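S.K.: Structure supplied as query14.pdb; contents: PDB, N, CA and C atoms, pLDDT in the B column.
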```pdb
MODEL        1
ATOM      1  N   MET A   1       9.545 -18.340 -14.150  1.00 53.00           N
ATOM      2  CA  MET A   1       8.424 -17.711 -13.491  1.00 53.00           C
ATOM      3  C   MET A   1       7.253 -18.674 -13.499  1.00 53.00           C
ATOM      4  N   GLY A   2       6.527 -18.746 -12.419  1.00 59.00           N
ATOM      5  CA  GLY A   2       5.374 -19.619 -12.350  1.00 59.00           C
ATOM      6  C   GLY A   2       4.090 -18.830 -12.424  1.00 59.00           C
ATOM      7  N   THR A   3       3.049 -19.474 -12.892  1.00 53.00           N
ATOM      8  CA  THR A   3       1.724 -18.876 -12.931  1.00 53.00           C
ATOM      9  C   THR A   3       0.797 -19.726 -12.095  1.00 53.00           C
ATOM     10  N   ILE A   4       0.008 -19.098 -11.241  1.00 52.00           N
ATOM     11  CA  ILE A   4      -0.947 -19.800 -10.401  1.00 52.00           C
ATOM     12  C   ILE A   4      -2.331 -19.357 -10.830  1.00 52.00           C
ATOM     13  N   SER A   5      -3.168 -20.284 -11.198  1.00 51.00           N
ATOM     14  CA  SER A   5      -4.543 -19.965 -11.579  1.00 51.00           C
ATOM     15  C   SER A   5      -5.480 -20.423 -10.475  1.00 51.00           C
ATOM     16  N   ILE A   6      -6.483 -19.622 -10.191  1.00 51.00           N
ATOM     17  CA  ILE A   6      -7.484 -19.988  -9.201  1.00 51.00           C
ATOM     18  C   ILE A   6      -8.760 -20.322  -9.960  1.00 51.00           C
ATOM     19  N   LYS A   7      -9.235 -21.539  -9.808  1.00 50.00           N
ATOM     20  CA  LYS A   7     -10.427 -22.008 -10.515  1.00 50.00           C
ATOM     21  C   LYS A   7     -11.681 -21.397  -9.909  1.00 50.00           C
ATOM     22  N   LYS A   8     -12.680 -21.254 -10.729  1.00 51.00           N
ATOM     23  CA  LYS A   8     -13.965 -20.724 -10.292  1.00 51.00           C
ATOM     24  C   LYS A   8     -14.531 -21.606  -9.188  1.00 51.00           C
ATOM     25  N   GLY A   9     -15.032 -20.990  -8.143  1.00 47.00           N
ATOM     26  CA  GLY A   9     -15.630 -21.743  -7.046  1.00 47.00           C
ATOM     27  C   GLY A   9     -14.648 -22.077  -5.936  1.00 47.00           C
ATOM     28  N   LYS A  10     -13.362 -21.869  -6.159  1.00 45.00           N
ATOM     29  CA  LYS A  10     -12.360 -22.132  -5.124  1.00 45.00           C
ATOM     30  C   LYS A  10     -12.176 -20.858  -4.311  1.00 45.00           C
ATOM     31  N   GLN A  11     -11.896 -21.025  -3.047  1.00 45.00           N
ATOM     32  CA  GLN A  11     -11.657 -19.872  -2.194  1.00 45.00           C
ATOM     33  C   GLN A  11     -10.230 -19.889  -1.692  1.00 45.00           C
ATOM     34  N   MET A  12      -9.678 -18.724  -1.535  1.00 49.00           N
ATOM     35  CA  MET A  12      -8.343 -18.574  -0.990  1.00 49.00           C
ATOM     36  C   MET A  12      -8.489 -17.797   0.309  1.00 49.00           C
ATOM     37  N   THR A  13      -7.927 -18.335   1.385  1.00 48.00           N
ATOM     38  CA  THR A  13      -8.025 -17.615   2.652  1.00 48.00           C
ATOM     39  C   THR A  13      -7.244 -16.324   2.529  1.00 48.00           C
ATOM     40  N   SER A  14      -7.660 -15.336   3.271  1.00 47.00           N
ATOM     41  CA  SER A  14      -7.013 -14.038   3.134  1.00 47.00           C
ATOM     42  C   SER A  14      -6.799 -13.394   4.498  1.00 47.00           C
ATOM     43  N   ASN A  15      -5.603 -12.977   4.715  1.00 54.00           N
ATOM     44  CA  ASN A  15      -5.309 -12.044   5.782  1.00 54.00           C
ATOM     45  C   ASN A  15      -4.411 -11.002   5.160  1.00 54.00           C
ATOM     46  N   ASN A  16      -3.921 -10.068   5.903  1.00 58.00           N
ATOM     47  CA  ASN A  16      -3.172  -8.959   5.321  1.00 58.00           C
ATOM     48  C   ASN A  16      -1.937  -9.410   4.550  1.00 58.00           C
ATOM     49  N   ASP A  17      -1.190 -10.405   5.054  1.00 64.00           N
ATOM     50  CA  ASP A  17       0.016 -10.855   4.377  1.00 64.00           C
ATOM     51  C   ASP A  17      -0.276 -11.744   3.179  1.00 64.00           C
ATOM     52  N   GLU A  18      -1.440 -12.393   3.134  1.00 80.00           N
ATOM     53  CA  GLU A  18      -1.780 -13.293   2.040  1.00 80.00           C
ATOM     54  C   GLU A  18      -2.585 -12.601   0.944  1.00 80.00           C
ATOM     55  N   ARG A  19      -3.014 -11.389   1.177  1.00 93.00           N
ATOM     56  CA  ARG A  19      -3.835 -10.669   0.211  1.00 93.00           C
ATOM     57  C   ARG A  19      -3.072 -10.487  -1.091  1.00 93.00           C
ATOM     58  N   LEU A  20      -3.717 -10.797  -2.212  1.00 97.00           N
ATOM     59  CA  LEU A  20      -3.091 -10.637  -3.515  1.00 97.00           C
ATOM     60  C   LEU A  20      -2.938  -9.157  -3.845  1.00 97.00           C
ATOM     61  N   LEU A  21      -1.813  -8.812  -4.447  1.00 98.00           N
ATOM     62  CA  LEU A  21      -1.497  -7.421  -4.751  1.00 98.00           C
ATOM     63  C   LEU A  21      -1.557  -7.142  -6.244  1.00 98.00           C
ATOM     64  N   THR A  22      -2.030  -5.959  -6.598  1.00 97.00           N
ATOM     65  CA  THR A  22      -1.964  -5.499  -7.982  1.00 97.00           C
ATOM     66  C   THR A  22      -0.532  -5.036  -8.265  1.00 97.00           C
ATOM     67  N   ARG A  23      -0.245  -4.763  -9.534  1.00 97.00           N
ATOM     68  CA  ARG A  23       1.091  -4.237  -9.865  1.00 97.00           C
ATOM     69  C   ARG A  23       1.341  -2.902  -9.163  1.00 97.00           C
ATOM     70  N   GLY A  24       0.311  -2.081  -9.071  1.00 97.00           N
ATOM     71  CA  GLY A  24       0.454  -0.797  -8.386  1.00 97.00           C
ATOM     72  C   GLY A  24       0.768  -0.971  -6.908  1.00 97.00           C
ATOM     73  N   GLU A  25       0.142  -1.964  -6.290  1.00 98.00           N
ATOM     74  CA  GLU A  25       0.397  -2.226  -4.873  1.00 98.00           C
ATOM     75  C   GLU A  25       1.799  -2.811  -4.665  1.00 98.00           C
ATOM     76  N   VAL A  26       2.258  -3.638  -5.618  1.00 98.00           N
ATOM     77  CA  VAL A  26       3.631  -4.154  -5.541  1.00 98.00           C
ATOM     78  C   VAL A  26       4.605  -2.982  -5.652  1.00 98.00           C
ATOM     79  N   GLN A  27       4.306  -2.054  -6.556  1.00 98.00           N
ATOM     80  CA  GLN A  27       5.155  -0.869  -6.705  1.00 98.00           C
ATOM     81  C   GLN A  27       5.222  -0.078  -5.404  1.00 98.00           C
ATOM     82  N   ASP A  28       4.066   0.159  -4.790  1.00 97.00           N
ATOM     83  CA  ASP A  28       4.019   0.931  -3.543  1.00 97.00           C
ATOM     84  C   ASP A  28       4.719   0.208  -2.396  1.00 97.00           C
ATOM     85  N   ARG A  29       4.507  -1.095  -2.299  1.00 97.00           N
ATOM     86  CA  ARG A  29       5.016  -1.855  -1.159  1.00 97.00           C
ATOM     87  C   ARG A  29       6.490  -2.247  -1.300  1.00 97.00           C
ATOM     88  N   PHE A  30       6.908  -2.601  -2.532  1.00 97.00           N
ATOM     89  CA  PHE A  30       8.262  -3.104  -2.731  1.00 97.00           C
ATOM     90  C   PHE A  30       9.151  -2.176  -3.558  1.00 97.00           C
ATOM     91  N   GLY A  31       8.575  -1.142  -4.159  1.00 97.00           N
ATOM     92  CA  GLY A  31       9.371  -0.197  -4.937  1.00 97.00           C
ATOM     93  C   GLY A  31       9.756  -0.690  -6.325  1.00 97.00           C
ATOM     94  N   ILE A  32       9.059  -1.693  -6.846  1.00 97.00           N
ATOM     95  CA  ILE A  32       9.337  -2.213  -8.181  1.00 97.00           C
ATOM     96  C   ILE A  32       8.344  -1.563  -9.143  1.00 97.00           C
ATOM     97  N   PRO A  33       8.829  -0.818 -10.132  1.00 98.00           N
ATOM     98  CA  PRO A  33       7.910  -0.125 -11.047  1.00 98.00           C
ATOM     99  C   PRO A  33       6.956  -1.081 -11.767  1.00 98.00           C
ATOM    100  N   LYS A  34       5.716  -0.619 -11.962  1.00 97.00           N
ATOM    101  CA  LYS A  34       4.693  -1.431 -12.634  1.00 97.00           C
ATOM    102  C   LYS A  34       5.157  -1.857 -14.023  1.00 97.00           C
ATOM    103  N   ARG A  35       5.732  -0.944 -14.767  1.00 98.00           N
ATOM    104  CA  ARG A  35       6.164  -1.261 -16.136  1.00 98.00           C
ATOM    105  C   ARG A  35       7.235  -2.348 -16.128  1.00 98.00           C
ATOM    106  N   PHE A  36       8.139  -2.302 -15.164  1.00 97.00           N
ATOM    107  CA  PHE A  36       9.184  -3.330 -15.052  1.00 97.00           C
ATOM    108  C   PHE A  36       8.550  -4.697 -14.802  1.00 97.00           C
ATOM    109  N   LEU A  37       7.528  -4.752 -13.943  1.00 98.00           N
ATOM    110  CA  LEU A  37       6.811  -6.006 -13.693  1.00 98.00           C
ATOM    111  C   LEU A  37       6.137  -6.512 -14.967  1.00 98.00           C
ATOM    112  N   GLU A  38       5.547  -5.602 -15.743  1.00 97.00           N
ATOM    113  CA  GLU A  38       4.908  -5.985 -17.001  1.00 97.00           C
ATOM    114  C   GLU A  38       5.921  -6.594 -17.972  1.00 97.00           C
ATOM    115  N   VAL A  39       7.080  -5.953 -18.104  1.00 97.00           N
ATOM    116  CA  VAL A  39       8.121  -6.444 -19.010  1.00 97.00           C
ATOM    117  C   VAL A  39       8.624  -7.809 -18.547  1.00 97.00           C
ATOM    118  N   LEU A  40       8.846  -7.971 -17.249  1.00 97.00           N
ATOM    119  CA  LEU A  40       9.295  -9.267 -16.736  1.00 97.00           C
ATOM    120  C   LEU A  40       8.280 -10.361 -17.045  1.00 97.00           C
ATOM    121  N   THR A  41       6.999 -10.055 -16.882  1.00 95.00           N
ATOM    122  CA  THR A  41       5.952 -11.035 -17.155  1.00 95.00           C
ATOM    123  C   THR A  41       5.958 -11.430 -18.633  1.00 95.00           C
ATOM    124  N   MET A  42       6.112 -10.449 -19.525  1.00 95.00           N
ATOM    125  CA  MET A  42       6.148 -10.744 -20.956  1.00 95.00           C
ATOM    126  C   MET A  42       7.345 -11.622 -21.321  1.00 95.00           C
ATOM    127  N   LYS A  43       8.452 -11.459 -20.593  1.00 97.00           N
ATOM    128  CA  LYS A  43       9.654 -12.253 -20.849  1.00 97.00           C
ATOM    129  C   LYS A  43       9.615 -13.618 -20.168  1.00 97.00           C
ATOM    130  N   GLY A  44       8.590 -13.846 -19.339  1.00 95.00           N
ATOM    131  CA  GLY A  44       8.512 -15.097 -18.591  1.00 95.00           C
ATOM    132  C   GLY A  44       9.452 -15.109 -17.402  1.00 95.00           C
ATOM    133  N   GLU A  45       9.753 -13.937 -16.888  1.00 95.00           N
ATOM    134  CA  GLU A  45      10.652 -13.784 -15.742  1.00 95.00           C
ATOM    135  C   GLU A  45       9.900 -13.082 -14.615  1.00 95.00           C
ATOM    136  N   GLY A  46      10.611 -12.797 -13.543  1.00 96.00           N
ATOM    137  CA  GLY A  46      10.020 -12.053 -12.442  1.00 96.00           C
ATOM    138  C   GLY A  46       9.311 -12.941 -11.448  1.00 96.00           C
ATOM    139  N   PRO A  47       8.659 -12.309 -10.473  1.00 97.00           N
ATOM    140  CA  PRO A  47       7.951 -13.085  -9.457  1.00 97.00           C
ATOM    141  C   PRO A  47       6.758 -13.812 -10.076  1.00 97.00           C
ATOM    142  N   PRO A  48       6.374 -14.966  -9.498  1.00 97.00           N
ATOM    143  CA  PRO A  48       5.207 -15.688 -10.010  1.00 97.00           C
ATOM    144  C   PRO A  48       3.961 -14.812  -9.955  1.00 97.00           C
ATOM    145  N   ILE A  49       3.083 -15.011 -10.930  1.00 97.00           N
ATOM    146  CA  ILE A  49       1.843 -14.239 -10.979  1.00 97.00           C
ATOM    147  C   ILE A  49       0.642 -15.154 -10.749  1.00 97.00           C
ATOM    148  N   VAL A  50      -0.444 -14.530 -10.325  1.00 97.00           N
ATOM    149  CA  VAL A  50      -1.733 -15.198 -10.198  1.00 97.00           C
ATOM    150  C   VAL A  50      -2.641 -14.509 -11.211  1.00 97.00           C
ATOM    151  N   ARG A  51      -3.196 -15.275 -12.134  1.00 95.00           N
ATOM    152  CA  ARG A  51      -4.119 -14.712 -13.126  1.00 95.00           C
ATOM    153  C   ARG A  51      -5.552 -14.910 -12.650  1.00 95.00           C
ATOM    154  N   LEU A  52      -6.288 -13.821 -12.614  1.00 94.00           N
ATOM    155  CA  LEU A  52      -7.713 -13.842 -12.277  1.00 94.00           C
ATOM    156  C   LEU A  52      -8.431 -13.250 -13.483  1.00 94.00           C
ATOM    157  N   GLY A  53      -8.827 -14.112 -14.407  1.00 95.00           N
ATOM    158  CA  GLY A  53      -9.365 -13.617 -15.673  1.00 95.00           C
ATOM    159  C   GLY A  53      -8.239 -12.935 -16.420  1.00 95.00           C
ATOM    160  N   ARG A  54      -8.425 -11.665 -16.761  1.00 94.00           N
ATOM    161  CA  ARG A  54      -7.363 -10.902 -17.426  1.00 94.00           C
ATOM    162  C   ARG A  54      -6.499 -10.130 -16.434  1.00 94.00           C
ATOM    163  N   SER A  55      -6.868 -10.172 -15.173  1.00 95.00           N
ATOM    164  CA  SER A  55      -6.114  -9.453 -14.147  1.00 95.00           C
ATOM    165  C   SER A  55      -4.906 -10.260 -13.687  1.00 95.00           C
ATOM    166  N   VAL A  56      -3.847  -9.553 -13.362  1.00 96.00           N
ATOM    167  CA  VAL A  56      -2.627 -10.167 -12.843  1.00 96.00           C
ATOM    168  C   VAL A  56      -2.443  -9.696 -11.406  1.00 96.00           C
ATOM    169  N   ARG A  57      -2.188 -10.633 -10.521  1.00 98.00           N
ATOM    170  CA  ARG A  57      -1.944 -10.320  -9.110  1.00 98.00           C
ATOM    171  C   ARG A  57      -0.686 -11.030  -8.651  1.00 98.00           C
ATOM    172  N   TYR A  58      -0.171 -10.583  -7.511  1.00 98.00           N
ATOM    173  CA  TYR A  58       1.052 -11.145  -6.940  1.00 98.00           C
ATOM    174  C   TYR A  58       0.824 -11.481  -5.479  1.00 98.00           C
ATOM    175  N   ARG A  59       1.384 -12.612  -5.042  1.00 98.00           N
ATOM    176  CA  ARG A  59       1.383 -12.931  -3.614  1.00 98.00           C
ATOM    177  C   ARG A  59       2.599 -12.248  -3.006  1.00 98.00           C
ATOM    178  N   PRO A  60       2.406 -11.511  -1.909  1.00 98.00           N
ATOM    179  CA  PRO A  60       3.535 -10.788  -1.304  1.00 98.00           C
ATOM    180  C   PRO A  60       4.730 -11.690  -1.004  1.00 98.00           C
ATOM    181  N   MET A  61       4.486 -12.918  -0.527  1.00 97.00           N
ATOM    182  CA  MET A  61       5.605 -13.798  -0.196  1.00 97.00           C
ATOM    183  C   MET A  61       6.389 -14.190  -1.441  1.00 97.00           C
ATOM    184  N   ASP A  62       5.712 -14.316  -2.594  1.00 97.00           N
ATOM    185  CA  ASP A  62       6.410 -14.640  -3.838  1.00 97.00           C
ATOM    186  C   ASP A  62       7.293 -13.480  -4.293  1.00 97.00           C
ATOM    187  N   VAL A  63       6.785 -12.262  -4.143  1.00 98.00           N
ATOM    188  CA  VAL A  63       7.571 -11.082  -4.526  1.00 98.00           C
ATOM    189  C   VAL A  63       8.799 -10.966  -3.625  1.00 98.00           C
ATOM    190  N   ALA A  64       8.610 -11.147  -2.323  1.00 96.00           N
ATOM    191  CA  ALA A  64       9.732 -11.056  -1.380  1.00 96.00           C
ATOM    192  C   ALA A  64      10.788 -12.129  -1.676  1.00 96.00           C
ATOM    193  N   LYS A  65      10.349 -13.346  -1.962  1.00 96.00           N
ATOM    194  CA  LYS A  65      11.295 -14.420  -2.295  1.00 96.00           C
ATOM    195  C   LYS A  65      12.041 -14.105  -3.584  1.00 96.00           C
ATOM    196  N   TRP A  66      11.336 -13.587  -4.578  1.00 96.00           N
ATOM    197  CA  TRP A  66      11.962 -13.239  -5.856  1.00 96.00           C
ATOM    198  C   TRP A  66      13.020 -12.157  -5.645  1.00 96.00           C
ATOM    199  N   ILE A  67      12.692 -11.158  -4.831  1.00 95.00           N
ATOM    200  CA  ILE A  67      13.654 -10.089  -4.543  1.00 95.00           C
ATOM    201  C   ILE A  67      14.897 -10.667  -3.875  1.00 95.00           C
ATOM    202  N   SER A  68      14.715 -11.558  -2.916  1.00 94.00           N
ATOM    203  CA  SER A  68      15.866 -12.123  -2.201  1.00 94.00           C
ATOM    204  C   SER A  68      16.757 -12.941  -3.132  1.00 94.00           C
ATOM    205  N   ARG A  69      16.191 -13.527  -4.178  1.00 93.00           N
ATOM    206  CA  ARG A  69      16.993 -14.281  -5.149  1.00 93.00           C
ATOM    207  C   ARG A  69      17.760 -13.360  -6.106  1.00 93.00           C
ATOM    208  N   GLN A  70      17.444 -12.078  -6.110  1.00 92.00           N
ATOM    209  CA  GLN A  70      18.095 -11.138  -7.024  1.00 92.00           C
ATOM    210  C   GLN A  70      19.388 -10.566  -6.449  1.00 92.00           C
ATOM    211  N   VAL A  71      19.682 -10.892  -5.209  1.00 87.00           N
ATOM    212  CA  VAL A  71      20.891 -10.353  -4.560  1.00 87.00           C
ATOM    213  C   VAL A  71      22.118 -10.867  -5.297  1.00 87.00           C
ATOM    214  N   ASP A  72      22.966  -9.958  -5.695  1.00 82.00           N
ATOM    215  CA  ASP A  72      24.188 -10.292  -6.414  1.00 82.00           C
ATOM    216  C   ASP A  72      25.354 -10.090  -5.445  1.00 82.00           C
ATOM    217  N   LEU A  73      25.924 -11.206  -5.005  1.00 71.00           N
ATOM    218  CA  LEU A  73      27.035 -11.135  -4.061  1.00 71.00           C
ATOM    219  C   LEU A  73      28.316 -10.843  -4.825  1.00 71.00           C
ATOM    220  N   VAL A  74      28.960  -9.735  -4.472  1.00 68.00           N
ATOM    221  CA  VAL A  74      30.199  -9.321  -5.128  1.00 68.00           C
ATOM    222  C   VAL A  74      31.351  -9.588  -4.173  1.00 68.00           C
ATOM    223  N   SER A  75      32.366 -10.287  -4.664  1.00 60.00           N
ATOM    224  CA  SER A  75      33.532 -10.549  -3.799  1.00 60.00           C
ATOM    225  C   SER A  75      34.462  -9.351  -3.849  1.00 60.00           C
ATOM    226  N   ASN A  76      35.193  -9.154  -2.788  1.00 62.00           N
ATOM    227  CA  ASN A  76      36.138  -8.031  -2.683  1.00 62.00           C
ATOM    228  C   ASN A  76      37.551  -8.509  -2.962  1.00 62.00           C
ATOM    229  N   ASP A  77      37.762  -9.082  -4.134  1.00 57.00           N
ATOM    230  CA  ASP A  77      39.101  -9.564  -4.492  1.00 57.00           C
ATOM    231  C   ASP A  77      39.976  -8.462  -5.001  1.00 57.00           C
TER     232      ASP A  77
ENDMDL
END
```
As structure tokens, please, write out the structure in this file.

M.R.:
Amino acid sequence: MGTISIKKGKQMTSNNDERLLTRGEVQDRFGIPKRFLEVLTMKGEGPPIVRLGRSVRYRPMDVAKWISRQVDLVSND
């Protein structure tokens, strides 16, 4: 899992798809429970996070990429 920090004085462009999401917003948008995200973060797993002080945010594209990597292909042998 990666962590992205934004330094004071730096700006991040924002449109609807680039807007940083809270854990609650990730839950609403992607269906991943907030508590599960918290546990993954503590384990150093899960989608990359952006730390803003003590707040944790997620980039939607990072969450979507993380979900796509979780697909478990089962063969029909």

S.K.: Could you check how far CA of Val26 in chain A sits from CA of Pro47 in chain A, in Å to one decimal?

M.R.: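 Distance reported for this atom pair: 10.7 Å.
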
S.K.: Quick check, in Å to one decimal: how far apart do atom C of Pro33 in chain A and atom C of Met61 in chain A lie?

M.R.: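 One can read the atom C of Pro33 in chain A to atom C of Met61 in chain A distance as 16.7 Å.
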
S.K.: Between atom N of Val56 in chain A and atom C of Thr22 in chain A, what is the distance in Å, rounded to a tenth?

M.R.: 7.6 Å

S.K.: List the neighbours of Arg57 in chain A out to 8 Å using all atoms listed in the file; skip same-chain residues closer than 5 positions along the sequence, and give me the result as a ChimeraX atom specification.

M.R.: /A:19-23,48-52

S.K.: Need the axis-aligned box for range 18-34 of chain A with 3 Å each side, so what are the centre and edges in Å to one decimal, as AutoDock Vina command-line options?

M.R.:
```
--center_x 3.0 --center_y -6.2 --center_z -5.4 --size_x 19.6 --size_y 20.2 --size_z 23.2
```

S.K.: Near Phe36 in chain A, counting only C-alpha atoms, which residues have an atom at most 12 Å away, once you skip same-chain residues fewer than 4 positions from it, shown as a PyMOL selection string?

M.R.: chain A and resi 23-24+26-27+31-32+40-43+45-47
